[in-house]
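Engineer: If it helps, the file is called input-v7.csv and holds CSV, C-alpha atoms:
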```csv
chain,number,residue,atom,x,y,z
A,11,MET,CA,19.3,-43.0,48.6
A,12,ASN,CA,16.9,-40.5,47.3
A,13,ASN,CA,14.3,-39.1,49.6
A,14,VAL,CA,11.6,-41.8,49.3
A,15,GLN,CA,8.1,-40.7,48.3
A,16,THR,CA,4.8,-42.4,49.1
A,17,LYS,CA,2.5,-40.4,46.8
A,18,TYR,CA,2.5,-39.9,43.1
A,19,SER,CA,2.6,-36.3,42.0
A,20,VAL,CA,-0.4,-34.9,40.1
A,21,LEU,CA,1.8,-34.7,37.1
A,22,THR,CA,2.8,-38.4,37.2
A,23,LYS,CA,-0.8,-39.4,37.6
A,24,SER,CA,-1.9,-37.2,34.7
A,25,PHE,CA,0.8,-38.7,32.5
A,26,HIS,CA,-0.4,-42.2,33.4
A,27,TRP,CA,-4.1,-41.6,32.8
A,28,VAL,CA,-3.6,-39.5,29.6
A,29,SER,CA,-1.4,-42.3,28.2
A,30,ALA,CA,-3.9,-45.0,29.2
A,31,ILE,CA,-6.8,-43.2,27.5
A,32,ALA,CA,-4.6,-42.4,24.4
A,33,VAL,CA,-3.3,-46.0,24.1
A,34,ILE,CA,-6.7,-47.6,24.3
A,35,PHE,CA,-8.2,-45.0,21.9
A,36,LEU,CA,-5.3,-45.5,19.4
A,37,PHE,CA,-5.6,-49.2,19.5
A,38,ALA,CA,-9.4,-49.1,19.0
A,39,LEU,CA,-9.0,-46.5,16.2
A,40,GLY,CA,-6.2,-48.4,14.5
A,41,PHE,CA,-8.1,-51.7,14.8
A,42,TRP,CA,-11.1,-50.1,13.2
A,43,MET,CA,-9.5,-48.0,10.5
A,44,VAL,CA,-7.4,-50.7,8.8
A,45,GLU,CA,-10.7,-52.4,7.8
A,46,LEU,CA,-12.2,-49.3,6.3
A,47,THR,CA,-13.0,-49.4,2.7
A,48,TYR,CA,-11.5,-46.9,0.3
A,49,TYR,CA,-14.9,-45.4,-0.2
A,50,SER,CA,-15.5,-44.7,3.5
A,51,SER,CA,-15.5,-41.0,4.4
A,52,TRP,CA,-13.2,-41.9,7.3
A,53,TYR,CA,-10.6,-43.5,5.0
A,54,LYS,CA,-8.3,-40.4,5.2
A,55,THR,CA,-9.5,-38.8,8.4
A,56,ALA,CA,-9.1,-41.8,10.7
A,57,PRO,CA,-5.4,-42.4,9.9
A,58,HIS,CA,-4.8,-38.7,10.2
A,59,ILE,CA,-6.2,-38.6,13.7
A,60,HIS,CA,-4.4,-41.8,14.6
A,61,LYS,CA,-1.1,-40.5,13.4
A,62,SER,CA,-1.6,-37.1,15.0
A,63,ILE,CA,-2.5,-38.5,18.4
A,64,GLY,CA,0.4,-41.0,18.1
A,65,ILE,CA,2.9,-38.2,17.6
A,66,LEU,CA,1.5,-36.2,20.5
A,67,LEU,CA,1.6,-39.3,22.7
A,68,PHE,CA,5.2,-39.8,21.7
A,69,ILE,CA,6.0,-36.3,22.9
A,70,VAL,CA,4.0,-36.8,26.1
A,71,THR,CA,5.9,-40.1,26.7
A,72,LEU,CA,9.3,-38.5,26.3
A,73,LEU,CA,8.2,-35.8,28.9
A,74,ARG,CA,6.8,-38.6,31.1
A,75,LEU,CA,10.1,-40.5,31.0
A,76,ILE,CA,12.1,-37.3,31.8
A,77,ASN,CA,9.7,-36.7,34.7
A,78,LYS,CA,10.1,-40.3,35.9
A,79,VAL,CA,13.9,-40.1,35.8
A,80,LYS,CA,14.0,-36.8,37.6
A,81,GLN,CA,11.6,-37.8,40.4
A,82,PRO,CA,12.6,-40.2,43.1
A,83,SER,CA,10.9,-43.6,42.8
A,84,LEU,CA,7.9,-44.3,44.9
A,85,GLU,CA,8.5,-46.6,47.8
A,86,PRO,CA,7.0,-50.1,47.1
A,87,ILE,CA,4.0,-51.0,49.1
A,88,SER,CA,5.3,-53.0,52.1
A,89,THR,CA,2.9,-55.9,51.7
A,90,HIS,CA,4.1,-56.6,48.1
A,91,SER,CA,6.3,-59.6,47.9
A,92,SER,CA,9.6,-59.4,46.0
A,93,MET,CA,8.0,-61.5,43.3
A,94,ILE,CA,5.1,-59.0,42.9
A,95,ARG,CA,7.6,-56.2,42.9
A,96,LEU,CA,9.6,-57.9,40.1
A,97,ILE,CA,6.6,-58.7,38.0
A,98,SER,CA,5.2,-55.1,38.2
A,99,LYS,CA,8.6,-53.7,37.4
A,100,VAL,CA,9.0,-55.9,34.3
A,101,THR,CA,5.5,-55.0,33.3
A,102,HIS,CA,6.1,-51.3,33.7
A,103,TYR,CA,9.3,-51.2,31.8
A,104,GLY,CA,7.7,-53.5,29.2
A,105,LEU,CA,4.9,-51.0,28.7
A,106,TYR,CA,7.4,-48.1,28.3
A,107,ILE,CA,9.5,-49.9,25.8
A,108,LEU,CA,6.5,-51.1,23.8
A,109,LEU,CA,5.0,-47.6,23.8
A,110,LEU,CA,8.2,-46.2,22.3
A,111,VAL,CA,8.8,-49.0,19.8
A,112,ILE,CA,5.1,-49.0,18.6
A,113,MET,CA,5.1,-45.2,18.1
A,114,PHE,CA,8.4,-45.2,16.3
A,115,SER,CA,7.4,-48.1,14.1
A,116,GLY,CA,4.2,-46.3,13.2
A,117,TYR,CA,6.3,-43.2,12.3
A,118,LEU,CA,8.4,-45.4,10.0
A,119,ILE,CA,5.4,-46.7,8.1
A,120,SER,CA,4.2,-43.3,7.1
A,121,THR,CA,7.5,-41.7,6.5
A,122,ALA,CA,9.1,-44.5,4.3
A,123,ASP,CA,8.7,-42.4,1.2
A,124,ASP,CA,10.1,-39.1,2.5
A,125,ARG,CA,6.7,-37.8,3.3
A,126,GLY,CA,6.4,-36.2,6.8
A,127,ILE,CA,3.5,-36.7,9.2
A,128,ASP,CA,1.0,-33.9,9.6
A,129,VAL,CA,-0.1,-33.5,13.2
A,130,PHE,CA,-3.7,-32.1,13.1
A,131,ASN,CA,-2.5,-29.7,10.3
A,132,PHE,CA,-0.7,-28.0,13.1
A,133,PHE,CA,2.8,-29.0,12.4
A,134,THR,CA,4.6,-31.6,10.3
A,135,VAL,CA,7.1,-34.1,11.6
A,136,PRO,CA,9.7,-34.6,8.9
A,137,SER,CA,10.6,-38.0,7.4
A,138,MET,CA,14.0,-39.5,8.0
A,139,GLY,CA,13.7,-41.2,4.7
A,140,GLU,CA,13.9,-45.0,4.1
A,141,LEU,CA,16.1,-46.4,6.8
A,142,PHE,CA,15.9,-50.0,5.6
A,143,PRO,CA,14.4,-51.9,2.7
A,144,ASN,CA,10.6,-52.7,2.7
A,145,GLN,CA,10.4,-50.3,5.6
A,146,GLU,CA,6.6,-49.7,5.4
A,147,ASP,CA,5.9,-53.5,5.4
A,148,THR,CA,8.4,-54.4,8.2
A,149,ALA,CA,7.5,-51.5,10.4
A,150,GLY,CA,3.8,-52.2,9.7
A,151,LEU,CA,4.1,-55.8,11.0
A,152,ILE,CA,6.1,-54.7,14.1
A,153,HIS,CA,3.5,-52.0,14.7
A,154,GLU,CA,0.6,-54.4,14.5
A,155,TYR,CA,2.0,-57.3,16.6
A,156,LEU,CA,3.4,-55.0,19.3
A,157,ALA,CA,0.1,-53.2,19.5
A,158,TYR,CA,-1.6,-56.5,20.4
A,159,THR,CA,1.2,-57.2,22.8
A,160,ILE,CA,0.8,-53.9,24.6
A,161,ILE,CA,-2.9,-54.4,24.9
A,162,GLY,CA,-2.2,-57.8,26.4
A,163,LEU,CA,0.3,-56.3,28.9
A,164,THR,CA,-2.2,-53.5,29.7
A,165,VAL,CA,-4.8,-56.0,30.5
A,166,LEU,CA,-2.3,-57.8,32.8
A,167,HIS,CA,-1.4,-54.4,34.3
A,168,ALA,CA,-5.1,-53.5,34.9
A,169,VAL,CA,-6.0,-57.0,36.3
A,170,GLY,CA,-3.0,-56.7,38.6
A,171,ALA,CA,-4.2,-53.3,39.9
A,172,LEU,CA,-7.8,-54.6,40.4
A,173,LYS,CA,-6.4,-57.7,42.2
A,174,HIS,CA,-4.5,-55.5,44.6
A,175,HIS,CA,-7.5,-53.3,45.1
A,176,PHE,CA,-10.2,-55.9,45.6
A,177,ILE,CA,-8.4,-59.0,46.7
A,178,ASP,CA,-5.3,-57.8,48.6
A,179,LYS,CA,-7.1,-54.6,49.5
A,180,ASP,CA,-3.9,-52.6,49.4
A,181,ASP,CA,-3.2,-49.1,48.1
A,182,THR,CA,-1.8,-50.0,44.7
A,183,LEU,CA,-4.7,-48.6,42.7
A,184,LYS,CA,-5.7,-46.0,45.2
A,185,ARG,CA,-2.4,-44.1,45.0
A,186,MET,CA,-2.8,-43.8,41.3
A,187,LEU,CA,-6.3,-42.5,41.7
A,188,ASN,CA,-6.4,-40.4,44.8
A,189,LYS,CA,-5.2,-36.9,45.4
B,14,MET,CA,44.0,-54.6,-50.3
B,15,ARG,CA,42.0,-57.6,-51.3
B,16,LYS,CA,41.6,-58.8,-47.7
B,17,SER,CA,40.2,-55.5,-46.7
B,18,PHE,CA,37.8,-55.6,-49.7
B,19,ILE,CA,36.5,-58.9,-48.6
B,20,SER,CA,36.1,-57.9,-45.0
B,21,ALA,CA,34.3,-54.7,-46.2
B,22,LEU,CA,32.0,-57.0,-48.3
B,23,ILE,CA,31.3,-59.2,-45.2
B,24,LEU,CA,30.7,-56.1,-43.1
B,25,GLY,CA,28.4,-54.6,-45.7
B,26,ALA,CA,26.5,-57.9,-46.0
B,27,ALA,CA,26.1,-58.1,-42.3
B,28,MET,CA,24.7,-54.6,-42.2
B,29,VAL,CA,22.3,-55.2,-45.0
B,30,LEU,CA,21.1,-58.8,-44.3
B,31,PRO,CA,18.5,-59.2,-41.6
B,32,ALA,CA,20.0,-60.5,-38.4
B,33,GLN,CA,19.6,-64.2,-37.5
B,34,ALA,CA,17.7,-65.3,-34.4
B,35,ALA,CA,19.6,-64.0,-31.4
B,36,ASP,CA,19.1,-64.1,-27.7
B,37,TYR,CA,18.9,-61.0,-25.6
B,38,VAL,CA,19.0,-60.4,-21.9
B,39,ILE,CA,16.8,-57.5,-20.8
B,40,ASP,CA,19.0,-54.8,-19.4
B,41,ASP,CA,17.4,-54.4,-16.0
B,42,LYS,CA,20.8,-53.9,-14.4
B,43,GLY,CA,21.3,-50.7,-16.3
B,44,ALA,CA,17.6,-49.9,-15.9
B,45,HIS,CA,17.1,-49.6,-19.7
B,46,ALA,CA,13.8,-51.3,-19.2
B,47,ALA,CA,10.6,-50.4,-17.4
B,48,ILE,CA,7.3,-51.9,-16.3
B,49,ASN,CA,5.1,-49.0,-15.8
B,50,PHE,CA,1.4,-49.1,-15.0
B,51,LYS,CA,-1.5,-46.7,-14.9
B,52,VAL,CA,-4.8,-47.1,-13.0
B,53,ASN,CA,-7.8,-44.9,-13.0
B,54,HIS,CA,-8.4,-43.2,-9.7
B,55,MET,CA,-12.2,-43.2,-9.3
B,56,GLY,CA,-12.6,-41.3,-12.5
B,57,PHE,CA,-10.7,-38.3,-11.4
B,58,SER,CA,-7.3,-39.0,-12.8
B,59,TYR,CA,-4.6,-41.7,-13.2
B,60,VAL,CA,-2.3,-43.2,-10.6
B,61,THR,CA,1.0,-44.3,-12.2
B,62,GLY,CA,3.6,-46.6,-10.8
B,63,ARG,CA,6.1,-49.3,-11.8
B,64,PHE,CA,7.7,-52.5,-10.7
B,65,ASN,CA,11.3,-51.8,-9.9
B,66,LYS,CA,12.6,-55.4,-9.9
B,67,PHE,CA,12.2,-57.8,-12.8
B,68,ASN,CA,14.4,-59.7,-15.2
B,69,GLY,CA,13.9,-61.4,-18.5
B,70,THR,CA,15.1,-62.5,-21.8
B,71,PHE,CA,13.9,-62.5,-25.4
B,72,THR,CA,14.8,-64.1,-28.6
B,73,LEU,CA,14.5,-62.0,-31.7
B,74,ASP,CA,14.2,-63.6,-35.1
B,75,GLU,CA,13.8,-60.9,-37.7
B,76,LYS,CA,13.5,-63.4,-40.5
B,77,ASP,CA,10.7,-65.3,-39.0
B,78,MET,CA,9.1,-63.2,-36.3
B,79,SER,CA,6.9,-66.1,-35.1
B,80,LYS,CA,10.1,-67.8,-33.8
B,81,SER,CA,10.7,-64.8,-31.5
B,82,LYS,CA,9.9,-65.1,-27.9
B,83,VAL,CA,10.0,-63.3,-24.6
B,84,SER,CA,9.9,-64.2,-21.0
B,85,VAL,CA,9.9,-61.9,-18.0
B,86,THR,CA,9.6,-62.4,-14.2
B,87,VAL,CA,8.5,-59.6,-12.0
B,88,ASP,CA,9.1,-59.2,-8.3
B,89,THR,CA,5.6,-58.0,-7.2
B,90,THR,CA,6.9,-56.8,-3.9
B,91,SER,CA,8.9,-54.1,-5.8
B,92,ILE,CA,5.8,-52.1,-6.7
B,93,ASP,CA,6.4,-48.4,-6.4
B,94,SER,CA,3.7,-45.8,-6.8
B,95,ASN,CA,5.8,-43.1,-5.0
B,96,HIS,CA,3.7,-43.5,-1.9
B,97,ALA,CA,4.8,-46.0,0.8
B,98,GLU,CA,1.4,-46.4,2.5
B,99,ARG,CA,-0.3,-47.1,-0.9
B,100,ASP,CA,2.4,-49.5,-1.9
B,101,LYS,CA,2.0,-51.3,1.4
B,102,HIS,CA,-1.7,-51.5,0.7
B,103,VAL,CA,-1.3,-52.7,-2.9
B,104,ARG,CA,1.1,-55.4,-1.7
B,105,SER,CA,-1.4,-56.6,1.0
B,106,GLY,CA,-4.0,-59.3,0.7
B,107,ASP,CA,-6.5,-56.6,-0.5
B,108,PHE,CA,-4.6,-56.6,-3.9
B,109,LEU,CA,-1.4,-58.4,-4.9
B,110,ASP,CA,-1.0,-60.5,-1.8
B,111,ALA,CA,2.7,-60.2,-2.5
B,112,SER,CA,3.9,-62.2,0.4
B,113,LYS,CA,2.1,-65.2,-1.1
B,114,PHE,CA,2.4,-64.3,-4.8
B,115,GLY,CA,5.9,-62.7,-4.9
B,116,LYS,CA,6.4,-63.3,-8.5
B,117,ALA,CA,4.5,-62.5,-11.7
B,118,THR,CA,5.6,-64.0,-15.0
B,119,PHE,CA,4.9,-63.4,-18.6
B,120,VAL,CA,5.9,-66.1,-21.1
B,121,SER,CA,5.1,-65.6,-24.8
B,122,THR,CA,3.2,-68.2,-26.6
B,123,SER,CA,3.2,-66.7,-30.1
B,124,VAL,CA,4.6,-63.6,-31.8
B,125,LYS,CA,2.9,-62.2,-34.8
B,126,ASP,CA,4.6,-59.8,-37.2
B,127,LYS,CA,2.3,-56.9,-38.1
B,128,GLY,CA,4.8,-55.1,-40.3
B,129,ASN,CA,6.6,-51.8,-39.9
B,130,GLY,CA,8.4,-53.1,-36.8
B,131,LYS,CA,5.1,-53.8,-35.1
B,132,VAL,CA,4.5,-57.1,-33.3
B,133,ALA,CA,1.7,-58.6,-31.4
B,134,ILE,CA,3.0,-60.8,-28.5
B,135,THR,CA,0.6,-63.2,-27.1
B,136,GLY,CA,1.6,-64.9,-23.9
B,137,ASP,CA,0.6,-66.2,-20.5
B,138,LEU,CA,0.6,-63.7,-17.7
B,139,THR,CA,0.6,-65.3,-14.3
B,140,LEU,CA,-0.3,-62.7,-11.7
B,141,HIS,CA,-1.8,-63.2,-8.2
B,142,GLY,CA,-1.8,-66.9,-8.9
B,143,VAL,CA,-4.0,-66.5,-11.9
B,144,LYS,CA,-2.7,-67.5,-15.4
B,145,LYS,CA,-4.4,-65.8,-18.4
B,146,SER,CA,-3.4,-65.2,-22.0
B,147,ILE,CA,-2.9,-61.5,-22.9
B,148,VAL,CA,-1.6,-59.7,-25.9
B,149,ILE,CA,1.1,-57.1,-25.8
B,150,ASP,CA,1.2,-54.7,-28.7
B,151,ALA,CA,4.9,-53.9,-29.2
B,152,VAL,CA,6.9,-51.8,-31.6
B,153,LYS,CA,10.6,-52.1,-32.3
B,154,VAL,CA,12.3,-48.9,-31.3
B,155,GLY,CA,15.8,-49.6,-32.5
B,156,GLU,CA,18.7,-52.1,-32.9
B,157,GLY,CA,22.4,-51.8,-33.3
B,158,ASP,CA,25.8,-51.8,-31.7
B,159,ASP,CA,26.2,-49.8,-28.6
B,160,PRO,CA,29.4,-47.8,-27.9
B,161,TRP,CA,30.5,-50.2,-25.3
B,162,GLY,CA,31.1,-53.3,-27.4
B,163,GLY,CA,27.6,-54.8,-27.2
B,164,HIS,CA,24.6,-55.1,-29.5
B,165,ARG,CA,21.2,-54.0,-28.4
B,166,ALA,CA,17.6,-54.2,-29.5
B,167,GLY,CA,14.7,-52.4,-27.9
B,168,PHE,CA,11.0,-52.5,-27.9
B,169,ALA,CA,8.1,-50.5,-26.5
B,170,GLY,CA,4.9,-52.2,-25.7
B,171,SER,CA,1.5,-51.7,-24.1
B,172,THR,CA,-1.3,-53.9,-22.9
B,173,SER,CA,-4.1,-53.7,-20.4
B,174,ILE,CA,-5.6,-56.2,-18.0
B,175,SER,CA,-8.7,-56.1,-16.0
B,176,MET,CA,-8.3,-56.2,-12.2
B,177,LYS,CA,-11.2,-58.6,-12.0
B,178,ASP,CA,-9.6,-61.1,-14.4
B,179,PHE,CA,-6.7,-61.7,-12.0
B,180,GLY,CA,-8.7,-61.7,-8.8
B,181,LEU,CA,-7.4,-58.3,-7.8
B,182,ALA,CA,-10.8,-56.7,-7.5
B,183,GLY,CA,-12.0,-58.6,-4.4
B,184,VAL,CA,-11.9,-55.6,-2.1
B,185,MET,CA,-11.7,-52.6,-4.5
B,186,ASP,CA,-12.1,-52.6,-8.2
B,187,PHE,CA,-10.4,-49.8,-10.1
B,188,GLY,CA,-11.1,-51.4,-13.5
B,189,ASP,CA,-8.3,-51.8,-16.0
B,190,ILE,CA,-4.6,-51.6,-15.4
B,191,THR,CA,-2.8,-50.3,-18.4
B,192,PHE,CA,0.9,-51.3,-18.8
B,193,ASP,CA,3.5,-49.2,-20.5
B,194,LEU,CA,6.5,-51.4,-21.2
B,195,HIS,CA,10.0,-50.7,-22.3
B,196,VAL,CA,12.6,-53.3,-22.8
B,197,GLU,CA,16.1,-53.0,-24.1
B,198,GLY,CA,18.0,-56.3,-24.6
B,199,ILE,CA,21.7,-56.9,-24.8
B,200,LYS,CA,22.6,-59.6,-27.3
B,201,GLN,CA,24.3,-62.6,-25.7
```
Will you turn the file into structure tokens for me?
Structural biologist:
Amino acid sequence: MNNVQTKYSVLTKSFHWVSAIAVIFLFALGFWMVELTYYSSWYKTAPHIHKSIGILLFIVTLLRLINKVKQPSLEPISTHSSMIRLISKVTHYGLYILLLVIMFSGYLISTADDRGIDVFNFFTVPSMGELFPNQEDTAGLIHEYLAYTIIGLTVLHAVGALKHHFIDKDDTLKRMLNK
Amino acid sequence: MRKSFISALILGAAMVLPAQAADYVIDDKGAHAAINFKVNHMGFSYVTGRFNKFNGTFTLDEKDMSKSKVSVTVDTTSIDSNHAERDKHVRSGDFLDASKFGKATFVSTSVKDKGNGKVAITGDLTLHGVKKSIVIDAVKVGEGDDPWGGHRAGFAGSTSISMKDFGLAGVMDFGDITFDLHVEGIKQ
């Protein structure tokens, strides 16, 4: 057994909250920008910001997963039933997998024609070319549907945290907030 | 001696006399055909693109051009403007709605000989679920035996349609779409 921890590190908490803000922002921005008309002054800027933050979040997520693997897992709160532990585990892994697949599918939309993605005019992520036929359409549908899915799962995740905080009155939410 | 004279006569006649009506298949496999388009980009310049997948046939009657005909089916999902994000947008419900209207067809209804190898091909274009008569101005480029045992005839054509006419301007209207068409048929 690893030496069991009872507190999240500052780094772990930072990863969590930065990702939370980024995911909600990206979803809102994406939801809004796809309806922009061609004559909107945001027509080019909004997708540029969306893609740039998406790539940065992908890098952050990779670092986050390395951090997660390297750090010993937190001891589950003793009052949590095995059912609750299972549900939260599935939700957490689901969120990680969705994050990666959504970001990768987004990358595949914009790079289907060999064009790279400019990240805030700071660096360019090169294209891997067209990996499968109709890539931009297929990746686009995956990106869209899974974005709704992750928001649904995020709501479940947040409602769960609030339930533990206000109804069960345990430390689930506190240990992700407190120092 | 005599035999070869007769065969030379037949051969000569075949070369001089206009060809009879013949059926051709457009050589899309060898990509000796193209459906290119051009759309004005907000008055600044033109965006050009093409449909990569299509097939068709034509009947060519040099003696009586009005008996000629052409029919082409285009896979609208194969639009290619050399920009994946734009192609995705053009295929979407904002424009082609290609998941619903995956095919566009052109079927000629009359072919008029205008002399000097020029023809006016009137036909029904069905695009985005809208069927409208359009005229393609075409000119014969060449005809003859190819080096691989076949016989080919080719035309270049152009036409233009208004986005509005085919219900493509609901979200954005870029005016007219000009088509630059090239077909090379292999005689059947």
Engineer: Kindly provide, as a PyMOL selection string, the residues of chain B having any atom no farther than 10 Å from an atom of chain A, counting all atoms listed in the file.
Structural biologist: chain B and resi 55+90-91+93+95-102+104-105+184-185
Engineer: So that I can check the surroundings of Phe168 (chain B), please list as a PyMOL selection string every protein, DNA and RNA residue that reaches within 10 Å of it, counting only C-alpha atoms and ignoring chain neighbours fewer than 4 positions away.
Structural biologist: chain B and resi 46+130-132+151-156+194-198
Engineer: Would you mind listing what lies within 10 Å of Gly157 (chain B) as a PyMOL selection string, with all atoms listed in the file counted and same-chain residues fewer than 2 positions away left out?
Structural biologist: chain B and resi 28+155+159-160+163-167+199-200
Engineer: Within 9 Å of Leu109 (chain A), counting only C-alpha atoms, which residues qualify if same-chain residues fewer than 5 places away don't, as a ChimeraX atom specification?
Structural biologist: /A:33,68,71,104,114,156-157,160
Engineer: Calculate how many Å separate CA of Arg74 (chain A) from CA of Ala32 (chain A), rounding to one decimal.
Structural biologist: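 So the answer is 13.8 Å.
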Engineer: Please measure the separation of CA of Ser51 (chain A) and CA of Ser137 (chain A), giving the value in Å to one decimal.
Structural biologist: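 Result for CA of Ser51 (chain A) versus CA of Ser137 (chain A): 26.4 Å, one decimal.
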Engineer: Please report the interatomic distance between CA of Thr70 (chain B) and CA of Lys51 (chain B) in Å with one decimal.
Structural biologist: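 Distance reported for this atom pair: 23.9 Å.
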Engineer: I want to know what sits within 12 Å of Ala168 (chain A), based on only C-alpha atoms, with residues of the same chain fewer than 5 positions away left out; could you give that as a PyMOL selection string?
Structural biologist: chain A and resi 30+98+101-102+160-163+173-175+182-183+186
Engineer: Nearest to Leu109 (chain B) among B:Val143, B:Met78, B:Val148, B:Val85, with distances taken over only C-alpha atoms: which residue is it?
Structural biologist: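 Between B:Val143, B:Met78, B:Val148, B:Val85, the residue approaching Leu109 (chain B) most closely is B:Val143.
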Engineer: Could you give me, as a list in words, the residues that sit within 7 Å of (6.5, -53.8, -21.3) in the file's coordinates, counting all atoms listed in the file?
Structural biologist: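 Answer for this query, in the requested form: Ala47, Ile48, Ala169, Gly170, Ser171, Phe192, Asp193, Leu194, His195 and Val196 of chain B.
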Engineer: Using the incomplete input, complete region 106-119 of chain B to the level of N, CA and C atoms; output as an mmCIF file, in the coordinates of the input.
Structural biologist:
```cif
data_model
loop_
_atom_site.group_PDB
_atom_site.id
_atom_site.type_symbol
_atom_site.label_atom_id
_atom_site.label_comp_id
_atom_site.auth_asym_id
_atom_site.auth_seq_id
_atom_site.Cartn_x
_atom_site.Cartn_y
_atom_site.Cartn_z
ATOM 1 N N GLY B 106 -3.014 -58.301 1.193
ATOM 2 C CA GLY B 106 -4.000 -59.300 0.700
ATOM 3 C C GLY B 106 -5.186 -58.623 0.008
ATOM 4 N N ASP B 107 -5.372 -57.313 0.168
ATOM 5 C CA ASP B 107 -6.500 -56.600 -0.500
ATOM 6 C C ASP B 107 -6.224 -56.638 -2.052
ATOM 7 N N PHE B 108 -4.957 -56.650 -2.445
ATOM 8 C CA PHE B 108 -4.600 -56.600 -3.900
ATOM 9 C C PHE B 108 -3.671 -57.723 -4.286
ATOM 10 N N LEU B 109 -2.388 -57.421 -4.345
ATOM 11 C CA LEU B 109 -1.400 -58.400 -4.900
ATOM 12 C C LEU B 109 -1.117 -59.571 -4.037
ATOM 13 N N ASP B 110 -1.329 -59.435 -2.740
ATOM 14 C CA ASP B 110 -1.000 -60.500 -1.800
ATOM 15 C C ASP B 110 0.470 -60.946 -2.066
ATOM 16 N N ALA B 111 1.352 -59.962 -2.065
ATOM 17 C CA ALA B 111 2.700 -60.200 -2.500
ATOM 18 C C ALA B 111 3.527 -61.122 -1.656
ATOM 19 N N SER B 112 3.120 -61.289 -0.390
ATOM 20 C CA SER B 112 3.900 -62.200 0.400
ATOM 21 C C SER B 112 3.604 -63.656 -0.012
ATOM 22 N N LYS B 113 2.447 -63.865 -0.611
ATOM 23 C CA LYS B 113 2.100 -65.200 -1.100
ATOM 24 C C LYS B 113 2.452 -65.342 -2.597
ATOM 25 N N PHE B 114 2.158 -64.291 -3.371
ATOM 26 C CA PHE B 114 2.400 -64.300 -4.800
ATOM 27 C C PHE B 114 3.526 -63.306 -5.126
ATOM 28 N N GLY B 115 4.733 -63.645 -4.735
ATOM 29 C CA GLY B 115 5.900 -62.700 -4.900
ATOM 30 C C GLY B 115 6.338 -62.520 -6.294
ATOM 31 N N LYS B 116 5.934 -63.429 -7.159
ATOM 32 C CA LYS B 116 6.400 -63.300 -8.500
ATOM 33 C C LYS B 116 5.236 -63.311 -9.516
ATOM 34 N N ALA B 117 5.402 -62.498 -10.550
ATOM 35 C CA ALA B 117 4.500 -62.500 -11.700
ATOM 36 C C ALA B 117 5.322 -62.842 -12.898
ATOM 37 N N THR B 118 4.764 -63.625 -13.800
ATOM 38 C CA THR B 118 5.600 -64.000 -15.000
ATOM 39 C C THR B 118 4.764 -63.725 -16.260
ATOM 40 N N PHE B 119 5.492 -63.398 -17.293
ATOM 41 C CA PHE B 119 4.900 -63.400 -18.600
ATOM 42 C C PHE B 119 5.776 -64.215 -19.530
#
```
